[in-house]
Structure formats: C-alpha cells, structure tokens
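Asker: Structure file model29.tsv, TSV, C-alpha atoms, is pasted below:
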chain	number	residue	atom	x	y	z
A	177	MET	CA	-86.37	-123.79	40.18
A	178	PHE	CA	-83.59	-126.28	39.36
A	179	ILE	CA	-81.05	-123.95	40.85
A	180	PHE	CA	-82.42	-124.89	44.18
A	181	ILE	CA	-82.48	-128.58	43.40
A	182	ILE	CA	-78.79	-128.90	42.44
A	183	SER	CA	-76.82	-127.29	45.15
A	184	GLY	CA	-73.67	-125.36	44.41
A	185	SER	CA	-71.48	-127.89	46.19
A	186	GLU	CA	-72.71	-130.72	43.99
A	187	ARG	CA	-72.09	-128.68	40.85
A	188	ASP	CA	-68.61	-127.79	42.09
A	189	PHE	CA	-67.79	-131.39	42.93
A	190	PHE	CA	-68.75	-132.69	39.49
A	191	ASP	CA	-66.78	-129.94	37.74
A	192	ARG	CA	-63.80	-130.39	40.03
A	193	LEU	CA	-63.81	-134.12	39.46
A	194	TYR	CA	-63.92	-133.66	35.71
A	195	ASP	CA	-61.47	-130.74	35.41
A	196	ASP	CA	-58.87	-131.77	37.98
A	197	TYR	CA	-58.95	-135.54	38.09
A	198	ARG	CA	-59.97	-137.06	34.75
A	199	LYS	CA	-56.48	-136.82	33.27
A	200	PRO	CA	-54.55	-138.21	36.28
A	201	MET	CA	-57.22	-140.88	36.66
A	202	TRP	CA	-56.72	-141.98	33.09
A	203	PHE	CA	-52.91	-142.08	33.34
A	204	TYR	CA	-53.13	-143.93	36.65
A	205	ALA	CA	-55.50	-146.50	35.15
A	206	LEU	CA	-53.33	-146.76	32.06
A	207	SER	CA	-50.31	-147.58	34.20
A	208	ILE	CA	-52.20	-150.58	35.55
A	209	VAL	CA	-54.07	-151.91	32.53
A	210	ARG	CA	-51.51	-150.87	29.84
A	211	ASP	CA	-54.25	-150.28	27.31
A	212	GLY	CA	-56.01	-147.04	26.38
A	213	ASN	CA	-59.45	-148.60	25.95
A	214	TYR	CA	-59.21	-150.49	29.21
A	215	ALA	CA	-58.09	-147.28	30.89
A	216	ASN	CA	-61.15	-145.52	29.47
A	217	ASP	CA	-63.40	-148.26	30.82
A	218	ALA	CA	-61.72	-148.15	34.23
A	219	VAL	CA	-62.00	-144.37	34.48
A	220	GLN	CA	-65.64	-144.40	33.41
A	221	SER	CA	-66.43	-147.10	35.96
A	222	ALA	CA	-64.58	-145.23	38.70
A	223	PHE	CA	-66.13	-141.93	37.66
A	224	MET	CA	-69.62	-143.37	37.88
A	225	HIS	CA	-68.90	-144.62	41.37
A	226	LEU	CA	-67.45	-141.27	42.41
A	227	ILE	CA	-70.37	-139.16	41.19
A	228	ASP	CA	-72.79	-141.60	42.81
A	229	LYS	CA	-70.99	-140.97	46.11
A	230	HIS	CA	-70.80	-137.20	45.56
A	231	LYS	CA	-72.58	-136.35	48.79
A	232	THR	CA	-70.10	-138.13	51.06
A	233	LEU	CA	-67.06	-137.36	48.93
A	234	SER	CA	-67.83	-133.64	48.84
A	235	ALA	CA	-67.20	-133.56	52.57
A	236	LEU	CA	-63.69	-135.04	52.31
A	237	ASP	CA	-60.58	-132.88	52.43
A	238	SER	CA	-58.53	-132.77	49.23
A	239	ARG	CA	-55.94	-135.27	50.54
A	240	ARG	CA	-58.45	-137.94	51.42
A	241	LEU	CA	-60.47	-137.25	48.29
A	242	LYS	CA	-57.40	-137.75	46.11
A	243	ALA	CA	-56.54	-140.99	47.89
A	244	TYR	CA	-60.13	-142.20	47.54
A	245	ILE	CA	-60.11	-141.42	43.83
A	246	ALA	CA	-56.82	-143.27	43.40
A	247	ILE	CA	-58.11	-146.30	45.30
A	248	THR	CA	-61.30	-146.31	43.24
A	249	VAL	CA	-59.48	-146.05	39.92
A	250	ARG	CA	-56.93	-148.71	40.87
A	251	ASN	CA	-59.61	-151.19	41.85
A	252	ALA	CA	-61.71	-150.36	38.81
A	253	ALA	CA	-58.67	-151.02	36.64
A	254	ILE	CA	-57.98	-154.33	38.36
A	255	ASP	CA	-61.63	-155.32	37.89
A	256	ILE	CA	-61.37	-154.54	34.17
A	257	LEU	CA	-58.39	-156.82	33.90
A	258	ARG	CA	-60.14	-159.56	35.84
A	259	GLN	CA	-63.13	-159.39	33.50
A	260	ASP	CA	-60.88	-159.96	30.52
A	261	LYS	CA	-59.74	-163.56	30.87
A	262	ALA	CA	-57.21	-163.25	28.05
A	263	ASN	CA	-55.37	-160.55	29.91
A	264	LEU	CA	-55.82	-161.93	33.35
A	265	ILE	CA	-53.14	-160.56	35.61
A	266	ILE	CA	-53.00	-161.33	39.27
A	267	PRO	CA	-50.63	-159.02	41.10
A	268	VAL	CA	-48.12	-160.90	43.19
A	269	GLU	CA	-49.07	-158.84	46.20
A	270	ASP	CA	-52.66	-160.06	45.93
A	271	ILE	CA	-51.55	-163.68	45.77
A	272	ALA	CA	-49.56	-163.43	48.96
A	273	ALA	CA	-51.37	-165.36	51.61
A	274	ILE	CA	-52.02	-163.75	54.91
A	275	THR	CA	-52.54	-166.35	57.57
A	276	ASP	CA	-54.63	-166.07	60.64
A	277	THR	CA	-52.84	-165.70	63.93
A	278	ALA	CA	-53.72	-166.26	67.56
A	279	GLY	CA	-55.43	-163.47	69.47
A	280	PHE	CA	-53.42	-160.63	70.83
A	281	GLN	CA	-53.72	-160.66	74.61
A	282	ASP	CA	-51.88	-157.57	75.83
A	283	ARG	CA	-53.46	-154.46	77.20
A	284	THR	CA	-54.70	-151.91	74.67
A	285	ALA	CA	-52.54	-149.09	76.02
A	286	ASP	CA	-49.40	-151.16	75.70
A	287	PHE	CA	-50.51	-152.14	72.27
A	288	VAL	CA	-50.80	-148.53	71.14
A	289	ILE	CA	-47.40	-147.62	72.59
A	290	ARG	CA	-45.84	-150.52	70.78
A	291	LEU	CA	-47.58	-149.49	67.57
A	292	GLU	CA	-46.17	-146.00	67.80
A	293	ASN	CA	-42.69	-147.21	68.72
A	294	SER	CA	-42.57	-150.10	66.34
A	295	GLN	CA	-39.67	-149.80	63.95
A	296	GLN	CA	-40.89	-152.64	61.82
A	297	ILE	CA	-44.40	-151.34	61.24
A	298	GLN	CA	-43.39	-150.20	57.77
A	299	ASP	CA	-42.20	-153.68	56.98
A	300	ALA	CA	-45.43	-155.13	58.26
A	301	LEU	CA	-47.43	-152.75	56.15
A	302	SER	CA	-45.35	-153.42	53.08
A	303	ARG	CA	-46.27	-157.06	53.33
A	304	LEU	CA	-49.94	-156.26	52.93
A	305	SER	CA	-51.38	-156.01	49.45
A	306	SER	CA	-52.77	-152.68	48.25
A	307	ARG	CA	-56.16	-154.28	48.18
A	308	HIS	CA	-55.98	-155.20	51.85
A	309	LYS	CA	-54.67	-151.77	52.75
A	310	ASP	CA	-57.47	-150.21	50.67
A	311	ALA	CA	-60.02	-152.18	52.66
A	312	ILE	CA	-58.49	-151.25	56.02
A	313	THR	CA	-58.11	-147.60	55.02
A	314	LEU	CA	-61.69	-147.25	53.82
A	315	ARG	CA	-62.94	-149.04	56.91
A	316	TYR	CA	-60.97	-147.31	59.66
A	317	LEU	CA	-59.91	-143.98	58.15
A	318	TYR	CA	-62.96	-143.20	56.02
A	319	GLY	CA	-65.40	-145.05	58.27
A	320	TYR	CA	-67.19	-146.79	55.42
A	321	SER	CA	-69.35	-149.87	55.80
A	322	HIS	CA	-68.36	-153.26	54.44
A	323	ALA	CA	-71.00	-152.80	51.74
A	324	ASP	CA	-69.57	-149.43	50.66
A	325	ILE	CA	-66.05	-150.87	50.55
A	326	SER	CA	-67.23	-153.85	48.56
A	327	ASP	CA	-68.52	-151.41	45.91
A	328	VAL	CA	-65.07	-149.88	45.58
A	329	LEU	CA	-63.15	-153.16	45.63
A	330	GLY	CA	-65.60	-155.03	43.43
A	331	THR	CA	-66.21	-157.85	45.87
A	332	THR	CA	-68.76	-158.91	48.44
A	333	PRO	CA	-69.21	-157.33	51.88
A	334	GLY	CA	-68.42	-160.72	53.42
A	335	ASN	CA	-65.13	-160.87	51.55
A	336	VAL	CA	-64.27	-157.37	52.70
A	337	LYS	CA	-64.86	-158.36	56.30
A	338	VAL	CA	-62.66	-161.44	56.01
A	339	MET	CA	-60.00	-159.47	54.17
A	340	ILE	CA	-59.81	-156.81	56.86
A	341	HIS	CA	-59.82	-159.33	59.68
A	342	ARG	CA	-56.98	-161.38	58.21
A	343	ALA	CA	-54.91	-158.32	57.38
A	344	LEU	CA	-55.21	-156.97	60.90
A	345	GLN	CA	-54.38	-160.33	62.42
A	346	SER	CA	-51.29	-160.49	60.26
A	347	LEU	CA	-50.20	-157.03	61.37
A	348	LYS	CA	-50.73	-157.93	65.00
A	349	LYS	CA	-48.56	-160.98	64.55
A	350	GLN	CA	-45.81	-158.81	63.18
A	351	ILE	CA	-46.04	-156.40	66.09
A	352	GLN	CA	-46.08	-159.23	68.61
A	353	GLY	CA	-42.92	-160.51	66.95
A	354	ASP	CA	-41.32	-157.14	67.55
A	355	LYS	CA	-42.03	-157.50	71.22
A	356	LEU	CA	-40.50	-160.96	71.39
B	133	MET	CA	-65.20	-153.62	77.37
B	134	ASN	CA	-64.29	-155.30	74.11
B	135	LYS	CA	-60.58	-154.76	73.64
B	136	GLN	CA	-60.26	-156.34	70.22
B	137	PRO	CA	-62.24	-153.74	68.15
B	138	GLN	CA	-60.38	-150.90	69.90
B	139	GLU	CA	-57.03	-152.39	68.94
B	140	ASP	CA	-58.29	-152.95	65.40
B	141	ASN	CA	-59.35	-149.33	65.29
B	142	TYR	CA	-55.93	-148.02	66.34
B	143	LEU	CA	-54.17	-150.33	63.95
B	144	GLY	CA	-56.59	-149.53	61.13
B	145	MET	CA	-56.05	-145.79	61.58
B	146	ILE	CA	-52.27	-146.20	61.38
B	147	VAL	CA	-52.53	-148.39	58.32
B	148	GLY	CA	-55.04	-146.00	56.77
B	149	ASN	CA	-52.98	-142.85	57.24
B	150	GLU	CA	-49.89	-144.56	55.93
B	151	HIS	CA	-51.75	-146.00	52.98
B	152	VAL	CA	-53.32	-142.66	52.04
B	153	GLU	CA	-49.90	-141.04	51.81
B	154	ASP	CA	-48.50	-143.93	49.78
B	155	THR	CA	-51.51	-143.95	47.48
B	156	ILE	CA	-51.29	-140.21	46.81
B	157	LYS	CA	-47.58	-140.51	46.05
B	158	ASP	CA	-48.22	-143.43	43.73
B	159	PHE	CA	-51.12	-141.63	42.05
B	160	ASP	CA	-49.12	-138.45	41.53
B	161	ALA	CA	-46.11	-140.36	40.26
B	162	ARG	CA	-48.05	-142.34	37.70
B	163	SER	CA	-50.07	-139.39	36.46
B	164	ALA	CA	-47.41	-136.70	36.49
B	165	ASP	CA	-47.36	-136.14	32.75
B	166	THR	CA	-50.91	-135.09	31.96
B	167	ASP	CA	-49.93	-132.66	29.23
B	168	SER	CA	-49.94	-135.42	26.70
B	169	TYR	CA	-53.53	-136.27	27.49
B	170	ASN	CA	-55.77	-136.21	24.45
B	171	ASN	CA	-58.82	-138.36	24.91
B	172	PRO	CA	-61.99	-136.68	23.56
B	173	GLU	CA	-63.84	-139.99	23.63
B	174	LEU	CA	-63.36	-140.35	27.38
B	175	ASP	CA	-64.12	-136.66	27.93
B	176	ALA	CA	-67.44	-136.99	26.10
B	177	ALA	CA	-68.33	-140.12	28.05
B	178	LEU	CA	-67.54	-138.46	31.38
B	179	ARG	CA	-69.50	-135.33	30.48
B	180	ALA	CA	-72.43	-137.55	29.53
B	181	GLN	CA	-72.18	-139.28	32.90
B	182	ILE	CA	-72.21	-135.95	34.70
B	183	ALA	CA	-75.18	-134.72	32.65
B	184	LYS	CA	-77.06	-137.94	33.33
B	185	LYS	CA	-76.32	-137.68	37.02
B	186	ARG	CA	-77.45	-134.08	37.14
B	187	ASN	CA	-80.68	-134.97	35.34
B	188	HIS	CA	-81.18	-137.77	37.83
B	189	ILE	CA	-80.66	-135.36	40.71
B	190	LYS	CA	-83.08	-132.89	39.11
B	191	ALA	CA	-85.69	-135.62	38.67
B	192	ASN	CA	-85.22	-136.77	42.24
B	193	GLY	CA	-85.41	-133.17	43.37
B	194	ILE	CA	-88.68	-132.65	41.52
B	195	LEU	CA	-90.04	-135.91	42.90
B	196	LEU	CA	-88.96	-134.85	46.35
B	197	LEU	CA	-90.62	-131.48	45.85
B	198	ILE	CA	-93.81	-133.16	44.68
B	199	LYS	CA	-93.74	-135.58	47.60
B	200	THR	CA	-93.03	-132.79	50.03
B	201	ALA	CA	-95.67	-130.58	48.48
B	202	GLY	CA	-98.11	-133.49	48.52
B	203	LYS	CA	-97.45	-134.12	52.19
B	204	ARG	CA	-97.74	-130.43	52.97
B	205	ALA	CA	-100.92	-130.16	50.91
B	206	GLY	CA	-102.36	-133.11	52.79
B	207	VAL	CA	-101.47	-131.61	56.12
B	208	LEU	CA	-102.82	-128.24	54.97
B	209	LEU	CA	-106.05	-129.82	53.74
B	210	LEU	CA	-106.45	-131.67	57.00
B	211	GLY	CA	-105.79	-128.47	58.89
B	212	LEU	CA	-108.30	-126.57	56.76
B	213	CYS	CA	-110.91	-129.27	57.32
B	214	GLY	CA	-110.32	-129.02	61.04
B	215	LEU	CA	-110.45	-125.24	60.89
B	216	PHE	CA	-113.67	-125.21	58.89
B	217	THR	CA	-115.24	-127.73	61.25
B	218	PHE	CA	-114.20	-125.61	64.19
B	219	LEU	CA	-115.49	-122.47	62.52
B	220	MET	CA	-118.76	-124.13	61.59
B	221	ILE	CA	-119.30	-125.26	65.15
B	222	THR	CA	-118.22	-121.91	66.51
B	223	VAL	CA	-120.28	-119.89	64.05
B	224	GLU	CA	-123.33	-122.09	64.60
B	225	ALA	CA	-122.91	-121.74	68.34
B	226	PHE	CA	-122.49	-117.99	67.91
B	227	ARG	CA	-125.47	-117.80	65.63
B	228	LEU	CA	-127.64	-119.66	68.11
B	229	GLU	CA	-126.36	-117.53	70.94
B	230	PHE	CA	-126.99	-114.36	68.95
B	231	TYR	CA	-130.42	-115.55	67.84
B	232	ASN	CA	-131.38	-116.42	71.37
B	233	LEU	CA	-130.10	-113.11	72.64
B	234	VAL	CA	-131.96	-111.02	70.08
B	235	PHE	CA	-135.04	-112.98	69.19
B	236	VAL	CA	-135.66	-115.45	71.97
B	237	ARG	CA	-135.98	-114.90	75.65
B	238	GLU	CA	-134.43	-118.09	76.75
B	239	ASP	CA	-134.89	-117.70	80.47
B	240	THR	CA	-138.24	-116.00	80.74
B	241	GLU	CA	-141.43	-115.63	78.77
B	242	HIS	CA	-143.07	-112.23	79.09
B	243	PHE	CA	-146.47	-111.17	77.93
B	244	ASP	CA	-147.80	-107.68	77.60
B	245	TYR	CA	-150.73	-108.43	79.84
B	246	GLY	CA	-148.36	-108.63	82.76
B	247	ILE	CA	-147.51	-112.23	83.19
B	248	THR	CA	-143.89	-113.30	83.34
B	249	TYR	CA	-142.94	-116.84	83.88
B	250	SER	CA	-139.47	-118.19	84.22
B	251	GLU	CA	-138.73	-121.29	82.27
B	252	GLN	CA	-138.79	-123.29	85.45
B	253	GLU	CA	-142.15	-121.81	86.45
B	254	LEU	CA	-143.62	-122.64	83.08
B	255	LYS	CA	-142.46	-126.18	83.49
B	256	ASN	CA	-143.94	-126.37	86.94
B	257	MET	CA	-147.21	-124.80	85.86
B	258	GLY	CA	-147.51	-126.91	82.77
B	259	PHE	CA	-148.73	-124.01	80.64
B	260	LEU	CA	-147.74	-124.93	77.17
B	261	TYR	CA	-149.84	-122.36	75.34
B	262	LEU	CA	-150.73	-118.77	76.15
B	263	PRO	CA	-152.44	-116.02	74.16
B	264	ALA	CA	-149.91	-113.52	72.92
B	265	TYR	CA	-152.62	-110.94	72.36
B	266	ILE	CA	-154.93	-109.53	74.96
B	267	PRO	CA	-156.67	-106.19	74.43
B	268	GLU	CA	-154.90	-103.37	76.22
B	269	GLU	CA	-157.83	-102.55	78.48
B	270	TYR	CA	-157.75	-106.03	79.97
B	271	SER	CA	-155.34	-107.17	82.62
B	272	LEU	CA	-154.65	-110.46	84.24
B	273	THR	CA	-156.76	-110.89	87.31
B	274	GLY	CA	-156.51	-114.56	88.04
B	275	THR	CA	-154.77	-117.80	87.20
B	276	VAL	CA	-155.72	-121.33	88.03
B	277	ALA	CA	-152.71	-123.33	87.14
B	278	GLU	CA	-154.33	-126.69	87.89
B	279	VAL	CA	-156.78	-126.31	85.04
B	280	LYS	CA	-154.53	-123.94	83.05
B	281	LYS	CA	-157.02	-121.15	83.31
B	282	LEU	CA	-156.37	-117.43	82.92
B	283	THR	CA	-158.87	-114.71	83.61
B	284	PHE	CA	-158.55	-111.19	82.28
B	285	SER	CA	-160.72	-108.30	83.35
B	286	ASN	CA	-161.20	-104.74	82.23
B	287	ALA	CA	-162.19	-101.66	84.15
B	288	ASP	CA	-165.86	-102.36	83.52
B	289	GLY	CA	-165.59	-105.76	85.13
B	290	GLU	CA	-165.90	-107.56	81.87
B	291	GLN	CA	-163.87	-110.73	81.70
B	292	ILE	CA	-162.15	-112.91	79.18
B	293	THR	CA	-161.50	-116.41	80.32
B	294	TYR	CA	-158.95	-118.67	78.69
B	295	ILE	CA	-158.81	-122.36	79.42
B	296	GLU	CA	-156.36	-124.88	78.09
B	297	SER	CA	-157.28	-128.45	78.85
B	298	TYR	CA	-155.80	-131.82	78.14
B	299	THR	CA	-158.30	-133.78	80.15
B	300	TYR	CA	-161.48	-131.72	80.39
B	301	ASP	CA	-163.90	-131.62	77.57
B	302	VAL	CA	-165.80	-128.41	77.25
B	303	SER	CA	-169.52	-128.99	77.01
B	304	ILE	CA	-171.56	-126.87	74.66
B	305	ASP	CA	-175.29	-127.33	74.92
B	306	ASN	CA	-177.30	-127.80	71.80
B	307	GLU	CA	-179.37	-124.73	72.53
B	308	SER	CA	-176.46	-122.45	72.17
B	309	ASN	CA	-176.23	-120.34	69.09
B	310	LYS	CA	-173.02	-121.58	67.57
B	311	GLU	CA	-171.39	-121.98	64.25
B	312	GLU	CA	-168.21	-123.62	62.98
B	313	ILE	CA	-165.03	-121.62	62.86
B	314	VAL	CA	-161.46	-122.27	61.70
B	315	ILE	CA	-158.85	-120.75	63.97
B	316	GLY	CA	-155.75	-119.55	62.19
B	317	GLY	CA	-156.96	-121.21	59.04
B	318	ILE	CA	-156.01	-124.60	60.53
B	319	TYR	CA	-157.88	-125.62	63.66
B	320	ASN	CA	-161.56	-126.44	63.60
B	321	GLY	CA	-163.81	-125.17	66.35
B	322	TYR	CA	-167.04	-123.48	67.23
B	323	ILE	CA	-167.95	-119.91	68.01
B	324	GLY	CA	-171.23	-119.01	69.68
B	325	GLN	CA	-173.17	-116.84	72.11
B	326	LYS	CA	-174.53	-117.82	75.49
B	327	GLU	CA	-175.85	-115.70	78.25
B	328	GLY	CA	-174.48	-112.55	76.62
B	329	LYS	CA	-171.00	-113.90	76.22
B	330	THR	CA	-169.16	-115.05	73.19
B	331	PHE	CA	-167.39	-118.36	73.44
B	332	ILE	CA	-164.93	-120.04	71.17
B	333	VAL	CA	-163.92	-123.64	71.59
B	334	TRP	CA	-161.42	-125.38	69.35
B	335	ASN	CA	-159.01	-128.21	69.23
B	336	GLN	CA	-155.37	-127.50	68.55
B	337	ASP	CA	-152.60	-130.12	68.68
B	338	GLY	CA	-154.85	-132.46	70.62
B	339	ILE	CA	-155.56	-129.86	73.26
B	340	CYS	CA	-158.96	-128.39	73.90
B	341	PHE	CA	-159.01	-124.62	74.16
B	342	PHE	CA	-161.89	-122.59	75.50
B	343	LEU	CA	-162.16	-118.87	75.36
B	344	THR	CA	-165.10	-116.84	76.56
B	345	GLY	CA	-165.85	-113.26	77.39
B	346	GLU	CA	-167.99	-110.26	76.91
B	347	ALA	CA	-165.71	-108.79	74.30
B	348	ASP	CA	-166.86	-108.78	70.72
B	349	PRO	CA	-166.34	-112.00	68.73
B	350	SER	CA	-163.60	-110.56	66.49
B	351	THR	CA	-161.54	-109.71	69.57
B	352	LEU	CA	-161.89	-113.22	70.90
B	353	VAL	CA	-161.00	-114.66	67.50
B	354	ALA	CA	-157.89	-112.47	67.47
B	355	ILE	CA	-156.99	-113.75	70.94
B	356	ALA	CA	-157.58	-117.33	69.84
B	357	GLU	CA	-155.39	-116.91	66.81
B	358	SER	CA	-152.60	-115.43	68.93
B	359	ILE	CA	-152.22	-118.57	71.02
B	360	LYS	CA	-148.53	-119.30	71.21
B	361	LYS	CA	-146.79	-122.47	72.19
B	362	LEU	CA	-144.27	-121.73	74.89
B	363	ASN	CA	-142.18	-124.88	75.23
Before we go any further, please render this structure as structure tokens.

Answerer:
Amino acid sequence: MFIFIISGSERDFFDRLYDDYRKPMWFYALSIVRDGNYANDAVQSAFMHLIDKHKTLSALDSRRLKAYIAITVRNAAIDILRQDKANLIIPVEDIAAITDTAGFQDRTADFVIRLENSQQIQDALSRLSSRHKDAITLRYLYGYSHADISDVLGTTPGNVKVMIHRALQSLKKQIQGDKL
Amino acid sequence: MNKQPQEDNYLGMIVGNEHVEDTIKDFDARSADTDSYNNPELDAALRAQIAKKRNHIKANGILLLIKTAGKRAGVLLLGLCGLFTFLMITVEAFRLEFYNLVFVREDTEHFDYGITYSEQELKNMGFLYLPAYIPEEYSLTGTVAEVKKLTFSNADGEQITYIESYTYDVSIDNESNKEEIVIGGIYNGYIGQKEGKTFIVWNQDGICFFLTGEADPSTLVAIAESIKKLN
C-alpha cells in the first residue's frame, strides 16, 4: 500500500539529493564556515529545508535545482555563523548599504532596451550582496513568496520585501546613471 | 497599468538568471574535490532525515487515505440511505399497487348477485355495507337507496329483504317469537319468526341491520354474517 503513498518522483528526489549533492553541499558549507562541525550543521539544516520542499523542487530543472541548493546551503551556513557569537562574521558585501533612490519614470519598453544594452549591468549586479541577489532570484526567477524566501534566508518576510525593494531601487539608479 | 512591478519583474529576471549562473559556478568551484569526502556522521544524519521524512509522508498518506475513505464512506452511506428510502417508497408503492390490482377492486365493487357499483356510485348511494353472500337462486329485484334497502327474489317469488339503517329503528313486537342471536360471534341481535318469515335484526358498528325473508333461518344467518363494509 505504501508504494502508492510515496510516489516514485519523491523517492528519486530524496535519493538524488543524498547521492549527488551531500558531498558538494558539505564542501560548499565548509568553505564558508571553515569548520567541519559547523558545515555538518549547515548541511543538515539545508537538507531538512530541501526535503521539506521536495514537491516544488522536484519540478525544477537541474540547473535551477543546483542553484537553489547552493543558495540554501550558503544561507544555512551564514545562519550557523550568526548563531555562534564567538565566530560572528559579517561578510563585507552584506554590510554594504544600499540606499533608496527616486522612482524611475521612463517607459517600460525603453527600460527593458536599456537593461539589455546596458554595459554596466554587471557592475551594478556585482555591487549587490549575494543575499540580496538570492532574494531577488528566488522572488523573480523561482516565483517564491516572501515567506518562502524568508525560510531560505533565515529572516522575516517583511525583511525580504524591504531587501528586494532596496536592491531593485539601487539597480535602477545604476541603470539611470548609464543613461545620463 | 502599474509600470513599477513590471519593471521590477524584468530587472528581477535578469538579476536572477545572472545570479543562478554565478551561484552554480561558485558552488562547483568550492565543491570540486569531493573525493576526499569522508563524513559518516553527516551521512547517517541525512539518511535519518530522509527516513523520518518518508515516514512522515507515509503517515500523512495514511491519514489522507483514512480521511478520503471516511468522506467516501460518508457519501456512500448517505447515498445508500437515500437509495433504501427510495426503494422502500417504491416497493411500498408497488406492493400497494400490486395488492390493489390482485386483491382489491379499487374502482368498482361487484357482487355475485348482480350488483356493481362504482366507487362514486357507492358514495352517492351511501351504502356502506352489503351482504357478500346471497343464495344462488335469488337475484336482485329492487333497491331503495334512500333507506339502503335491497330486495332479492327467487323464482318462486320468495324474497329476502336487507335493510341498513342509521336513523330508523326496526320495531319488533313483543308477540313475535324471537330469541337472541350473536352475528359473527360479535354483534348482538334477535332472530325470530313472524307471518311465516324469518327476521334477523342486529346492531353492528352503530348501524341497525334488518334482514327478513322466507328462506330458512340458517340461510339468513349466513347472509347476515357475510355483511361486508364497502368503504
């Protein structure tokens, strides 16, 4: 009877996650936390999140799944560090302030053309922290809610909303600067 | 149309695609050397997580099955109740129809002595009781509906008279030779002889019945006991 309860795709996803990703997840976490035990904790935390989301993640292509796993592990690792006050590390990129800018008034079509033609978009993106880019990516590429993103980033949905808004405003300011 | 969310969407997609590529590169670069991995403690913990999750899914699946089965059983039970009710009504209606068809003449009441009344006629005439038995040699020769009187005659001119009366009392003089009788083992009455005729008078259901004729007393008693309520 249980064969019908656990579908094949769920079984495959769990096995795939364990077989293919546990090792890279651990090394990725280790590169952030620099400690084997912390890396274990980060991977376990990320793994729990990933298997909880198995239904939505099973539908992702391998590229997006890999990126999602990386984002989850990275944020889990950062959370582990934040919980340990003695080893508190705040990445410089997270400290960088992103200020609000005035509204962008041009037409949407022009905006898109400028986005595609912008030579400095890479620079603008490089100024954003990974955390901000994680939030934007999960919101606009994966289509997740603020609550879902807050689970991954270990913060509140309100914070996620503010984070995304400020990051986008900052990018718009950069693009407007290109125009001028 | 709100322009701002559309711009955010375009920008977010560009950032997202770029960030996915960068993240994958970073992930691959930092986890390139997995051959040196040897972490049985983590492996056991992850396998335990997977087992726990699978058990959770199984439990939820069973709960879901139970809930679904419960809902289906409820719907099925309700359906069965409805079906049984329908069948009971239908069968009862069929049974009544069948019973009426075979055993009851719903529209007409026919008697062997040649009287047939429709239901409507019976209502109009007010005959509530009629004798089911009349000797074969007698036939109906007269009716007086107003006093609910039937007269039967045979070839010899002998008559049997039946009277059903709500309002008329039948007088029996003291000189008559009469004795008490119980019709059908229930109804008290009198049977006697007068002027060469046998008479029986009895009270049944508050109605006074009178039967007289030249036939022998046992025949009249048989007629009296065959009185049948029609409606």

Asker: At what distance in Å, to one decimal, does CA of Lys348 in chain A lie from CA of Ala300 in chain A?

Answerer: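 Computing it gives 9.0 Å between the two atoms.
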
Asker: Within 10 Å of Ile355 in chain B, counting only C-alpha atoms, which residues show up once you throw out same-chain ones fewer than 2 positions away? Write them as a PyMOL selection string, please.

Answerer: chain B and resi 262-267+292+294+343+349-353+357-359

Asker: Write the residues you've just listed into a file as a CSV table (one decimal), keeping the file's coordinate frame, and include C-alpha atoms for each of them.

Answerer:
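Result file follows (result-v5.csv):
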chain,number,residue,atom,x,y,z
B,262,LEU,CA,-150.7,-118.8,76.2
B,263,PRO,CA,-152.4,-116.0,74.2
B,264,ALA,CA,-149.9,-113.5,72.9
B,265,TYR,CA,-152.6,-110.9,72.4
B,266,ILE,CA,-154.9,-109.5,75.0
B,267,PRO,CA,-156.7,-106.2,74.4
B,292,ILE,CA,-162.2,-112.9,79.2
B,294,TYR,CA,-159.0,-118.7,78.7
B,343,LEU,CA,-162.2,-118.9,75.4
B,349,PRO,CA,-166.3,-112.0,68.7
B,350,SER,CA,-163.6,-110.6,66.5
B,351,THR,CA,-161.5,-109.7,69.6
B,352,LEU,CA,-161.9,-113.2,70.9
B,353,VAL,CA,-161.0,-114.7,67.5
B,357,GLU,CA,-155.4,-116.9,66.8
B,358,SER,CA,-152.6,-115.4,68.9
B,359,ILE,CA,-152.2,-118.6,71.0

Asker: Tell me, in Å to one decimal, how far CA of Ala243 in chain A is from CA of Phe159 in chain B.

Answerer: 8.0 Å

Asker: What does the distance between CA of Asp348 in chain B and CA of Leu282 in chain B come to in Å, to one decimal place?

Answerer: 18.3 Å

Asker: For a quick check of understanding, using all atoms listed in the file, which of A:Met339, A:Ile312, A:Val209, A:Ala235 has the smallest distance to chain B?

Answerer: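 Looking only at the distances to chain B, the closest residue turns out to be A:Ile312.
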
Asker: Quick one: residues within 12 Å of Ala180 in chain B, only C-alpha atoms counted, chain neighbours fewer than 3 positions away excluded, as a list in words?

Answerer: Phe190, Tyr194, Gln220, Phe223, Met224 and Ile227 of chain A; Glu173, Leu174, Asp175, Ala176, Ala177, Ala183, Lys184, Lys185, Arg186 and Asn187 of chain B

Asker: Name the residues in contact with Leu314 in chain A at a cut-off of 12 Å, using only C-alpha atoms, excluding same-chain residues fewer than 3 positions from it; report them as an MDAnalysis selection string.

Answerer: (chainID A and resid 240:241 243:245 247:248 306:311 317:329 336:337 340) or (chainID B and resid 141 144:145 147:149 151:152)

Asker: Considering only C-alpha atoms, state which residue in the set A:Gln352, A:Ser234, A:Asn335, A:Asn251 is at the smallest distance from Leu193 in chain A.

Answerer: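 Of all the options, A:Ser234 lies closest to Leu193 in chain A.
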